[in-house]
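Everything below belongs to data-v9.csv, which stores CSV, C-alpha atoms.
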chain,number,residue,atom,x,y,z
A,1,MET,CA,-15.8,1.5,7.8
A,2,LEU,CA,-15.8,5.1,6.8
A,3,PRO,CA,-18.1,6.2,4.0
A,4,SER,CA,-16.5,7.9,1.1
A,5,LEU,CA,-15.9,11.4,2.3
A,6,GLN,CA,-16.6,14.7,0.6
A,7,PHE,CA,-14.9,17.8,1.6
A,8,ASP,CA,-15.9,21.5,1.5
A,9,TYR,CA,-13.4,24.2,2.3
A,10,GLY,CA,-16.2,26.7,2.4
A,11,GLY,CA,-15.0,30.3,2.1
A,12,LEU,CA,-11.3,29.4,2.0
A,13,ASN,CA,-9.8,31.3,-0.9
A,14,PHE,CA,-7.1,29.1,-2.3
A,15,GLY,CA,-5.7,32.1,-4.1
A,16,ASN,CA,-4.9,33.8,-0.8
A,17,ARG,CA,-1.5,32.7,0.6
A,18,GLU,CA,-2.2,33.7,4.2
A,19,ALA,CA,-5.5,31.9,4.2
A,20,VAL,CA,-4.1,28.7,2.8
A,21,LEU,CA,-1.1,28.8,5.1
A,22,ALA,CA,-3.3,29.4,8.1
A,23,THR,CA,-5.6,26.6,7.2
A,24,SER,CA,-2.6,24.3,6.6
A,25,LYS,CA,-1.2,25.1,10.0
A,26,THR,CA,-4.5,24.4,11.7
A,27,LEU,CA,-4.8,21.1,9.8
A,28,GLU,CA,-1.2,20.0,10.6
A,29,ASP,CA,-1.2,21.0,14.3
A,30,THR,CA,-4.7,19.5,14.7
A,31,GLY,CA,-3.5,16.4,13.0
A,32,VAL,CA,-0.7,15.9,15.5
A,33,ALA,CA,-3.1,16.6,18.4
A,34,ALA,CA,-5.6,14.1,16.9
A,35,TYR,CA,-3.0,11.3,16.6
A,36,ASN,CA,-1.7,12.0,20.1
A,37,GLY,CA,-5.3,11.9,21.5
A,38,ALA,CA,-6.3,8.8,19.6
A,39,GLY,CA,-3.4,6.7,20.8
A,40,ARG,CA,-5.1,5.6,23.9
A,41,LEU,CA,-8.2,4.5,21.9
A,42,LEU,CA,-6.4,2.1,19.6
A,43,SER,CA,-6.1,-1.5,20.8
A,44,ASP,CA,-4.7,-3.2,17.7
A,45,PRO,CA,-0.9,-3.0,17.9
A,46,GLY,CA,-0.6,-2.9,14.1
A,47,TYR,CA,-2.8,0.1,13.8
A,48,PHE,CA,-1.1,1.8,16.7
A,49,LEU,CA,2.3,1.3,15.2
A,50,VAL,CA,1.3,2.8,11.9
A,51,ALA,CA,-0.4,5.7,13.6
A,52,GLY,CA,2.8,6.3,15.5
A,53,LYS,CA,4.9,6.3,12.4
A,54,ILE,CA,2.6,8.9,10.8
A,55,VAL,CA,2.2,11.4,13.7
A,56,SER,CA,5.9,12.3,13.8
A,57,VAL,CA,5.9,13.0,10.1
A,58,GLU,CA,2.8,15.3,10.6
A,59,ALA,CA,4.7,17.1,13.4
A,60,ARG,CA,7.6,17.7,10.9
A,61,HIS,CA,5.0,19.1,8.4
A,62,ALA,CA,3.5,21.3,11.1
A,63,SER,CA,6.9,22.7,11.9
A,64,ALA,CA,7.5,23.5,8.2
A,65,ILE,CA,4.2,25.4,7.9
A,66,ARG,CA,4.7,27.3,11.1
A,67,ASN,CA,8.2,28.3,10.0
A,68,ILE,CA,6.9,29.6,6.7
A,69,ILE,CA,4.2,31.6,8.4
A,70,ALA,CA,6.5,33.1,11.1
A,71,THR,CA,9.5,33.8,8.9
A,72,GLY,CA,8.6,33.4,5.3
A,73,SER,CA,11.1,30.5,5.1
A,74,VAL,CA,10.7,26.8,5.7
A,75,ASP,CA,14.0,27.0,7.6
A,76,GLY,CA,12.5,29.2,10.2
A,77,GLY,CA,15.4,31.5,10.5
A,78,GLY,CA,16.5,30.1,13.8
A,79,SER,CA,13.2,31.1,15.4
A,80,ALA,CA,11.1,29.1,17.9
A,81,ALA,CA,8.0,29.0,15.7
A,82,PHE,CA,8.4,25.3,14.8
A,83,SER,CA,7.5,24.4,18.4
A,84,GLY,CA,6.0,27.6,19.8
A,85,ASP,CA,4.5,28.0,23.2
A,86,ASP,CA,1.1,28.0,21.6
A,87,VAL,CA,1.4,24.4,20.6
A,88,VAL,CA,4.0,23.0,23.0
A,89,ASP,CA,3.3,23.7,26.7
A,90,PRO,CA,6.3,25.7,27.9
A,91,THR,CA,6.1,24.2,31.4
A,92,THR,CA,5.9,20.5,30.6
A,93,GLY,CA,7.3,20.4,27.1
A,94,LEU,CA,4.3,18.4,26.0
A,95,GLY,CA,2.5,18.8,22.6
A,96,ARG,CA,-1.2,18.8,22.5
A,97,ALA,CA,-3.4,15.7,22.5
A,98,LEU,CA,-7.1,16.1,21.8
A,99,PRO,CA,-9.9,13.6,21.9
A,100,PRO,CA,-11.9,12.9,18.7
A,101,SER,CA,-14.8,15.1,19.8
A,102,GLU,CA,-12.5,18.2,20.0
A,103,ILE,CA,-10.8,17.3,16.7
A,104,ILE,CA,-14.1,17.1,15.0
A,105,ALA,CA,-15.0,20.5,16.4
A,106,ALA,CA,-11.7,21.9,15.0
A,107,ALA,CA,-11.5,20.2,11.6
A,108,GLY,CA,-14.8,18.5,11.1
A,109,GLY,CA,-16.3,21.5,9.4
A,110,PHE,CA,-14.4,20.7,6.3
A,111,ILE,CA,-16.0,17.3,6.0
A,112,THR,CA,-19.5,17.4,4.6
A,113,THR,CA,-20.2,13.6,4.6
A,114,PRO,CA,-21.8,12.4,7.9
A,115,PHE,CA,-19.1,10.1,9.2
A,116,THR,CA,-19.2,10.0,13.0
A,117,TYR,CA,-21.0,7.1,14.6
A,118,LEU,CA,-23.6,9.6,15.9
A,119,GLU,CA,-24.3,11.0,12.4
A,120,GLN,CA,-24.5,7.5,10.9
A,121,GLY,CA,-26.9,6.4,13.6
A,122,ILE,CA,-24.5,3.6,14.6
A,123,GLY,CA,-24.3,2.5,18.3
B,1,MET,CA,21.7,2.5,39.7
B,2,ASN,CA,24.2,2.2,37.0
B,3,ILE,CA,22.6,3.2,33.7
B,4,ILE,CA,24.9,1.1,31.5
B,5,LYS,CA,23.9,-2.0,33.6
B,6,ILE,CA,20.2,-1.1,33.2
B,7,MET,CA,20.6,-0.6,29.5
B,8,ASP,CA,22.3,-4.0,29.2
B,9,HIS,CA,19.7,-5.6,31.3
B,10,LEU,CA,16.9,-4.2,29.1
B,11,SER,CA,18.6,-5.4,26.0
B,12,ASP,CA,19.3,-8.9,27.2
B,13,GLY,CA,17.1,-11.3,25.1
B,14,GLU,CA,17.6,-14.1,27.7
B,15,LEU,CA,15.5,-12.1,30.2
B,16,LEU,CA,12.6,-12.5,27.9
B,17,ASN,CA,12.2,-16.1,29.2
B,18,LYS,CA,12.4,-15.1,32.8
B,19,LYS,CA,9.5,-12.6,32.9
B,20,SER,CA,6.9,-15.3,32.8
B,21,SER,CA,4.5,-13.4,34.8
B,22,ARG,CA,4.0,-11.0,31.9
B,23,ARG,CA,3.8,-13.8,29.3
B,24,ASP,CA,0.1,-13.4,28.9
B,25,SER,CA,0.7,-10.0,27.6
B,26,PHE,CA,2.2,-11.5,24.5
B,27,GLU,CA,-1.3,-12.3,23.4
B,28,HIS,CA,-1.8,-8.6,22.9
B,29,LEU,CA,1.7,-7.9,21.7
B,30,LYS,CA,1.7,-4.6,23.4
B,31,ASN,CA,5.4,-4.0,23.5
B,32,LEU,CA,6.2,-2.8,20.0
B,33,GLY,CA,9.7,-2.1,21.0
B,34,LYS,CA,10.5,-5.7,20.3
B,35,ASN,CA,7.8,-6.3,17.9
B,36,VAL,CA,9.0,-4.2,15.0
B,37,ALA,CA,9.4,-7.2,12.8
B,38,LEU,CA,5.7,-7.7,13.1
B,39,ALA,CA,5.2,-4.8,10.7
B,40,SER,CA,5.5,-7.5,8.0
B,41,ILE,CA,2.5,-9.5,9.4
B,42,PRO,CA,-0.9,-8.3,8.1
B,43,PHE,CA,-3.1,-6.5,10.6
B,44,GLY,CA,-5.5,-8.6,12.5
B,45,LEU,CA,-3.2,-11.6,12.6
B,46,ALA,CA,-0.6,-9.9,14.7
B,47,ALA,CA,-2.6,-10.0,17.9
B,48,THR,CA,-3.7,-13.6,17.7
B,49,SER,CA,-1.3,-15.6,15.6
B,50,SER,CA,0.8,-18.2,17.4
B,51,LYS,CA,3.2,-17.9,14.4
B,52,ALA,CA,3.5,-14.2,15.4
B,53,ARG,CA,4.3,-15.2,19.0
B,54,ALA,CA,6.9,-17.7,17.8
B,55,ALA,CA,8.4,-15.0,15.5
B,56,THR,CA,8.6,-12.6,18.4
B,57,MET,CA,10.3,-15.1,20.7
B,58,GLY,CA,12.8,-16.2,18.2
B,59,MET,CA,13.5,-12.8,16.8
B,60,ALA,CA,17.2,-12.1,16.9
B,61,GLY,CA,18.0,-9.0,18.9
B,62,ALA,CA,14.5,-8.9,20.4
B,63,THR,CA,14.5,-6.9,23.6
B,64,MET,CA,12.6,-8.1,26.6
B,65,MET,CA,9.2,-6.7,27.4
B,66,ALA,CA,10.0,-3.6,29.4
B,67,SER,CA,7.8,-2.5,32.3
B,68,PRO,CA,6.4,1.0,32.2
B,69,THR,CA,8.9,2.1,34.9
B,70,GLU,CA,11.8,0.8,32.8
B,71,ILE,CA,10.4,2.6,29.7
B,72,LEU,CA,10.1,5.8,31.7
B,73,ASN,CA,13.7,5.5,32.9
B,74,PHE,CA,14.8,4.7,29.4
B,75,ALA,CA,13.1,7.9,28.3
B,76,LEU,CA,14.5,9.8,31.2
B,77,THR,CA,18.0,8.8,30.2
B,78,LEU,CA,17.5,10.2,26.7
B,79,GLU,CA,16.0,13.4,28.0
B,80,TYR,CA,19.0,13.8,30.4
B,81,LEU,CA,21.3,13.3,27.5
B,82,GLU,CA,19.5,15.9,25.4
B,83,ARG,CA,19.0,18.4,28.2
B,84,ASN,CA,22.6,18.3,29.2
B,85,PHE,CA,23.8,18.5,25.6
B,86,TYR,CA,21.8,21.6,24.9
B,87,GLN,CA,22.6,23.3,28.2
B,88,MET,CA,26.3,22.8,27.5
B,89,GLY,CA,25.9,24.1,23.9
B,90,LEU,CA,24.0,27.2,25.0
B,91,ASP,CA,26.6,27.8,27.7
B,92,THR,CA,29.5,27.5,25.3
B,93,SER,CA,30.3,31.1,24.3
B,94,GLY,CA,30.7,31.5,20.6
B,95,LEU,CA,29.4,28.1,19.6
B,96,ILE,CA,25.8,28.8,18.6
B,97,PRO,CA,25.4,31.7,16.1
B,98,LYS,CA,23.2,34.5,17.5
B,99,GLU,CA,20.5,33.9,14.9
B,100,ASP,CA,20.1,30.2,15.9
B,101,ARG,CA,20.0,30.7,19.6
B,102,GLU,CA,16.2,31.2,19.9
B,103,ALA,CA,15.6,27.8,18.2
B,104,PHE,CA,18.0,26.0,20.5
B,105,ALA,CA,16.8,27.9,23.6
B,106,GLN,CA,13.3,26.6,22.8
B,107,ILE,CA,14.5,23.0,22.3
B,108,SER,CA,16.6,23.2,25.5
B,109,LYS,CA,13.5,24.5,27.4
B,110,HIS,CA,11.5,21.5,26.2
B,111,GLU,CA,14.2,18.9,27.1
B,112,THR,CA,14.6,20.4,30.5
B,113,ALA,CA,10.8,20.3,31.0
B,114,HIS,CA,10.8,16.6,29.8
B,115,VAL,CA,13.4,15.7,32.4
B,116,ASP,CA,11.5,17.4,35.1
B,117,PHE,CA,8.3,15.8,33.9
B,118,ARG,CA,9.8,12.3,34.0
B,119,LEU,CA,11.4,12.9,37.4
B,120,ALA,CA,8.0,13.9,38.8
B,121,ALA,CA,6.4,10.8,37.3
B,122,LEU,CA,9.1,8.4,38.5
B,123,GLY,CA,9.7,9.8,42.0
B,124,ASP,CA,12.0,7.4,43.9
B,125,ASN,CA,12.1,5.0,40.9
B,126,ALA,CA,14.0,7.5,38.8
B,127,ILE,CA,17.5,6.4,37.8
B,128,GLU,CA,20.4,8.6,38.7
B,129,GLU,CA,21.5,11.2,36.2
B,130,PRO,CA,24.2,9.6,34.0
B,131,THR,CA,27.6,11.3,33.3
B,132,PHE,CA,27.8,12.2,29.7
B,133,ASP,CA,30.8,12.8,27.4
B,134,PHE,CA,29.6,14.5,24.2
B,135,THR,CA,33.0,14.0,22.5
B,136,GLY,CA,31.9,10.4,22.1
B,137,ALA,CA,35.0,9.1,23.9
B,138,PRO,CA,33.1,6.3,25.6
B,139,GLY,CA,32.3,5.0,22.1
B,140,GLY,CA,35.9,5.6,20.9
B,141,LEU,CA,35.2,8.8,19.1
B,142,ASN,CA,36.9,12.2,19.5
B,143,LEU,CA,34.4,14.8,18.4
B,144,ASP,CA,34.9,18.5,18.5
B,145,THR,CA,31.3,18.9,19.7
B,146,PHE,CA,31.5,22.2,21.5
B,147,SER,CA,34.2,23.9,19.4
B,148,ASN,CA,32.7,23.1,16.0
B,149,TYR,CA,29.1,24.2,15.4
B,150,GLN,CA,28.7,21.8,12.5
B,151,THR,CA,29.5,18.9,14.8
B,152,PHE,CA,27.2,20.2,17.5
B,153,LEU,CA,24.4,20.5,14.8
B,154,ALA,CA,25.1,16.9,13.6
B,155,LEU,CA,24.8,15.5,17.1
B,156,SER,CA,21.7,17.5,17.7
B,157,GLN,CA,20.1,16.0,14.6
B,158,GLY,CA,21.2,12.6,15.6
B,159,PHE,CA,19.8,12.9,19.1
B,160,GLU,CA,16.4,14.3,18.0
B,161,ASP,CA,15.8,11.7,15.2
B,162,THR,CA,16.9,9.0,17.7
B,163,GLY,CA,14.6,10.4,20.3
B,164,VAL,CA,11.6,10.3,17.9
B,165,ARG,CA,12.5,6.7,16.9
B,166,ALA,CA,13.1,5.7,20.5
B,167,TYR,CA,9.7,6.9,21.7
B,168,LYS,CA,8.1,5.3,18.7
B,169,GLY,CA,9.6,2.0,19.6
B,170,GLN,CA,8.5,2.0,23.2
B,171,ALA,CA,5.0,3.6,23.0
B,172,GLY,CA,3.4,0.2,22.6
B,173,GLY,CA,4.7,-0.9,26.0
B,174,LEU,CA,2.6,1.8,27.5
B,175,MET,CA,-0.7,0.8,25.9
B,176,ASP,CA,-2.0,-0.4,29.3
B,177,ASP,CA,-1.8,3.0,30.8
B,178,ASP,CA,-3.7,5.7,29.0
B,179,SER,CA,-2.0,8.6,30.8
B,180,LEU,CA,1.5,7.4,30.4
B,181,LEU,CA,0.8,6.6,26.8
B,182,ALA,CA,-0.6,10.0,26.1
B,183,TYR,CA,2.4,11.7,27.7
B,184,ALA,CA,4.8,9.6,25.7
B,185,LEU,CA,3.0,10.5,22.5
B,186,GLN,CA,2.9,14.2,23.5
B,187,ILE,CA,6.7,14.2,24.0
B,188,HIS,CA,7.3,12.1,20.8
B,189,SER,CA,5.6,14.7,18.6
B,190,VAL,CA,7.7,17.5,20.1
B,191,GLU,CA,10.9,15.7,19.4
B,192,ALA,CA,9.8,15.4,15.8
B,193,ARG,CA,9.3,19.1,15.6
B,194,HIS,CA,12.8,19.6,17.1
B,195,ALA,CA,14.2,17.1,14.6
B,196,PHE,CA,12.6,19.0,11.7
B,197,GLN,CA,14.1,22.3,12.8
B,198,VAL,CA,17.6,21.0,13.4
B,199,ARG,CA,17.7,19.2,10.1
B,200,ARG,CA,16.7,22.4,8.2
B,201,MET,CA,19.4,24.3,10.1
B,202,ARG,CA,21.8,21.7,8.7
B,203,GLY,CA,20.5,22.3,5.2
B,204,VAL,CA,18.8,19.0,4.8
B,205,LYS,CA,15.1,18.1,4.4
B,206,GLY,CA,13.1,18.1,7.6
B,207,TRP,CA,11.9,14.6,7.0
B,208,ILE,CA,13.9,11.4,6.4
B,209,THR,CA,14.4,10.1,2.9
B,210,LYS,CA,15.1,6.3,3.1
B,211,SER,CA,18.1,6.0,5.4
B,212,GLU,CA,20.0,8.8,3.8
B,213,ASN,CA,21.8,11.2,6.1
B,214,THR,CA,24.7,13.6,6.3
B,215,LEU,CA,25.8,12.6,9.7
B,216,PRO,CA,29.3,11.1,10.4
B,217,ASP,CA,29.4,7.3,9.6
B,218,ALA,CA,29.6,6.5,13.2
B,219,PHE,CA,25.9,7.5,13.4
B,220,ASN,CA,24.4,5.5,10.6
B,221,ALA,CA,22.6,3.5,13.2
B,222,VAL,CA,20.4,6.5,13.9
B,223,TYR,CA,18.7,5.7,10.5
B,224,GLY,CA,19.2,1.9,10.5
B,225,GLY,CA,18.0,-0.8,12.8
B,226,ALA,CA,15.8,-3.9,12.4
B,227,THR,CA,13.2,-1.5,10.8
B,228,PRO,CA,15.4,1.0,9.1
B,229,GLU,CA,14.1,4.4,7.9
B,230,SER,CA,14.4,3.0,4.4
B,231,ASN,CA,11.5,0.6,5.2
B,232,LEU,CA,8.7,0.7,2.6
B,233,THR,CA,6.4,-2.0,4.0
B,234,GLN,CA,3.5,-0.6,6.1
B,235,GLY,CA,0.7,-2.7,7.5
B,236,GLY,CA,2.0,-5.8,5.7
B,237,VAL,CA,1.9,-4.0,2.3
B,238,ASN,CA,5.0,-3.3,0.3
B,239,LEU,CA,4.5,0.2,-1.0
B,240,SER,CA,7.5,0.2,-3.2
B,241,GLY,CA,6.7,1.4,-6.7
B,242,MET,CA,3.1,2.3,-5.8
B,243,PHE,CA,3.3,6.1,-5.7
B,244,ASN,CA,5.5,7.0,-8.7
B,245,ASP,CA,3.2,9.9,-9.7
B,246,VAL,CA,3.8,11.7,-6.4
B,247,GLY,CA,7.5,11.1,-5.8
B,248,GLY,CA,7.9,7.3,-5.6
B,249,ASP,CA,9.8,5.4,-3.0
B,250,ASP,CA,11.6,8.5,-1.6
B,251,VAL,CA,8.3,10.0,-0.7
B,252,VAL,CA,6.9,6.7,0.6
B,253,SER,CA,9.9,6.4,3.0
B,254,GLU,CA,9.5,10.1,4.1
B,255,SER,CA,5.9,9.5,4.9
B,256,PHE,CA,6.6,7.2,7.8
B,257,ASP,CA,9.2,7.4,10.6
B,258,GLU,CA,10.3,4.0,11.9
B,259,PRO,CA,10.9,2.7,15.5
B,260,LEU,CA,14.2,1.8,17.1
B,261,THR,CA,14.4,-0.9,19.7
B,262,MET,CA,15.7,-0.3,23.2
B,263,GLY,CA,18.9,-2.1,22.3
B,264,GLU,CA,19.4,-0.1,19.1
B,265,VAL,CA,18.9,3.2,21.0
B,266,ASN,CA,21.3,1.9,23.7
B,267,ALA,CA,24.0,1.3,21.2
B,268,ILE,CA,23.7,5.0,20.1
B,269,ALA,CA,23.3,6.6,23.5
B,270,SER,CA,26.1,4.6,25.1
B,271,ILE,CA,28.6,6.3,22.8
B,272,PHE,CA,28.1,9.4,25.0
B,273,ILE,CA,27.5,7.8,28.4
B,274,VAL,CA,30.4,7.5,30.8
B,275,SER,CA,28.5,5.9,33.6

Represent the structure from my file as structure tokens, please.
Amino acid sequence: MLPSLQFDYGGLNFGNREAVLATSKTLEDTGVAAYNGAGRLLSDPGYFLVAGKIVSVEARHASAIRNIIATGSVDGGGSAAFSGDDVVDPTTGLGRALPPSEIIAAAGGFITTPFTYLEQGIG
Amino acid sequence: MNIIKIMDHLSDGELLNKKSSRRDSFEHLKNLGKNVALASIPFGLAATSSKARAATMGMAGATMMASPTEILNFALTLEYLERNFYQMGLDTSGLIPKEDREAFAQISKHETAHVDFRLAALGDNAIEEPTFDFTGAPGGLNLDTFSNYQTFLALSQGFEDTGVRAYKGQAGGLMDDDSLLAYALQIHSVEARHAFQVRRMRGVKGWITKSENTLPDAFNAVYGGATPESNLTQGGVNLSGMFNDVGGDDVVSESFDEPLTMGEVNAIASIFIVS
């Protein structure tokens, strides 16, 4: 089980719109990549099903944030930002999938509580 | 191979009993495409409960356990449908407003890539490309799809949200193959981005509130099914009434997208498939 987590957003200035949006975009896009990468690691069909139900909602969120950043409007003004080439491979049409180690590298800095197996000295 | 015959084959519950060589897989209940009713069984019991197995076997409308090849061909069918739909839309002069073309060009690019990706994966096992009729004539409809942008947009939303739900319903059947599973998830999340964008372009929220939608009645099935989008039970827990301080049941339903079975997707797609 996870310990109770504490978070620290460090130097993020919550009064700065660009900074908050950029962080939000990172978290949402990373969240999608995390779920996509974790799928193969889940063996319980029930957990897998719920994770699957969540990841598509995170992808919708990611699109919203990307639209706001690119166009100032959540509608995106007909632009391609919602699924830009930086997050969807233009050759394969695949979104990103990252293994836990890379997710921790991208987003783990916000979590101050040791929670990985390594940090907890488990296994 | 005739796609309608394949779709019917995959939806035939009687075949469930003939695939005895895969019966041991039931113990792990990997094919969530037919196991959507198991969402009501608490975690931990689903994989081992003989009651769960009985529920699965007896479940009305349960689809048979599809093989990875069948799942990939099912996905390929939907990608063909979307690719052709968007290509035709972009090629129809005067249909898509200039300011929206970039978004649809991006979506079209992805669907084309998805088809190519699936074809590469399936090789000789790939089904033939179906013939589509986007007026919906095969399903008894007469839509002005390529002369009315609002109709085009409505179908686009329907296809994208169906695509999300279709992948979600079949991903479990790929749990034995890490690569195939990852690829399915990586396409699934892209379809969700598409769905968000098209929904916003239609002036509705990018996520799905209960089973509400502004599509023609003929497409209510896109948000229905054995596990409809209005479902509020997750992991065996009924979340209704539990989050009233952050938006209540509407928000709960928006927080989770729900799977469609192969049969349910077939019923929607076949409206547009001639052969």

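CA of Gly163 (chain B) is positioned 23.9 Å from CA of Ser43 (chain A).
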
Please report the interatomic distance between CA of Arg199 (chain B) and CA of Arg101 (chain B) in Å with one decimal. 15.1 Å

Select all residues from chain A having any atom no more than 6 Å from an atom of chain B (counting all atoms listed in the file, ignoring ligands), output as a compact mmCIF listing (two decimals) with C-alpha atoms, in the frame of the given file.
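Saved as out27.txt:
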# COMPACT_ATOMS: atom_id res chain seq x y z
CA ASN A 36 -1.70 12.00 20.10
CA ARG A 40 -5.10 5.60 23.90
CA GLY A 46 -0.60 -2.90 14.10
CA LYS A 53 4.90 6.30 12.40
CA ILE A 54 2.60 8.90 10.80
CA SER A 56 5.90 12.30 13.80
CA ALA A 59 4.70 17.10 13.40
CA ARG A 60 7.60 17.70 10.90
CA SER A 63 6.90 22.70 11.90
CA ASP A 75 14.00 27.00 7.60
CA GLY A 78 16.50 30.10 13.80
CA SER A 79 13.20 31.10 15.40
CA ALA A 80 11.10 29.10 17.90
CA THR A 92 5.90 20.50 30.60
CA GLY A 93 7.30 20.40 27.10
CA LEU A 94 4.30 18.40 26.00
CA GLY A 95 2.50 18.80 22.60

Kindly indicate which residue among B:Glu82, B:Asp250, B:Glu229, B:Asp91 lies nearest to Leu155 (chain B), using all atoms listed in the file for the distances.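 Using all atoms listed in the file, Leu155 (chain B) sits closest to B:Glu82.
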
CA of Phe243 (chain B) to CA of Ser4 (chain A): how many Å, to one decimal? 21.0 Å

Name all residues at most 7 Å from region 133-137 of chain B (count only C-alpha atoms; drop same-chain ones fewer than 2 positions away) and give them as a VMD selection string. chain B and resid 131 139 to 145 271 to 274

Counting all atoms listed in the file, figure out which residue out of A:Pro114, A:Gly31, A:Gly77, A:Pro45 gets nearest to Glu58 (chain A). A:Gly31

With all atoms listed in the file as the counted atoms, please give the residues lying no more than 7 Å from Ala62 (chain A), apart from itself and same-chain residues fewer than 6 positions off, as a list in words. Lys25, Glu28 and Asp29 of chain A

Show me the residues around (-5.2, 10.3, 21.4) - criterion: an atom at most 8 Å away, all atoms listed in the file counted - as a PDB file with C-alpha atoms, in the frame of the given file.
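Output contents, as saved in part_11.pdb:
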ATOM      1  CA  ALA A  33      -3.100  16.600  18.400  1.00  0.00           C
ATOM      2  CA  ALA A  34      -5.600  14.100  16.900  1.00  0.00           C
ATOM      3  CA  TYR A  35      -3.000  11.300  16.600  1.00  0.00           C
ATOM      4  CA  ASN A  36      -1.700  12.000  20.100  1.00  0.00           C
ATOM      5  CA  GLY A  37      -5.300  11.900  21.500  1.00  0.00           C
ATOM      6  CA  ALA A  38      -6.300   8.800  19.600  1.00  0.00           C
ATOM      7  CA  GLY A  39      -3.400   6.700  20.800  1.00  0.00           C
ATOM      8  CA  ARG A  40      -5.100   5.600  23.900  1.00  0.00           C
ATOM      9  CA  LEU A  41      -8.200   4.500  21.900  1.00  0.00           C
ATOM     10  CA  ALA A  97      -3.400  15.700  22.500  1.00  0.00           C
ATOM     11  CA  LEU A  98      -7.100  16.100  21.800  1.00  0.00           C
ATOM     12  CA  PRO A  99      -9.900  13.600  21.900  1.00  0.00           C
ATOM     13  CA  PRO A 100     -11.900  12.900  18.700  1.00  0.00           C
TER      14      PRO A 100
ATOM     15  CA  ALA B 182      -0.600  10.000  26.100  1.00  0.00           C
TER      16      ALA B 182
END

Shortest contact to Ile111 (chain A), candidates A:Ile68, A:Phe7, A:Gly84, A:Met1, atoms counted all atoms listed in the file, goes to A:Phe7

Pick the closest to Ser93 (chain B) from B:Leu260, B:Glu79, B:Asn148, B:Asp124: which is it, counting all atoms listed in the file?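 Between B:Leu260, B:Glu79, B:Asn148, B:Asp124, the residue approaching Ser93 (chain B) most closely is B:Asn148.
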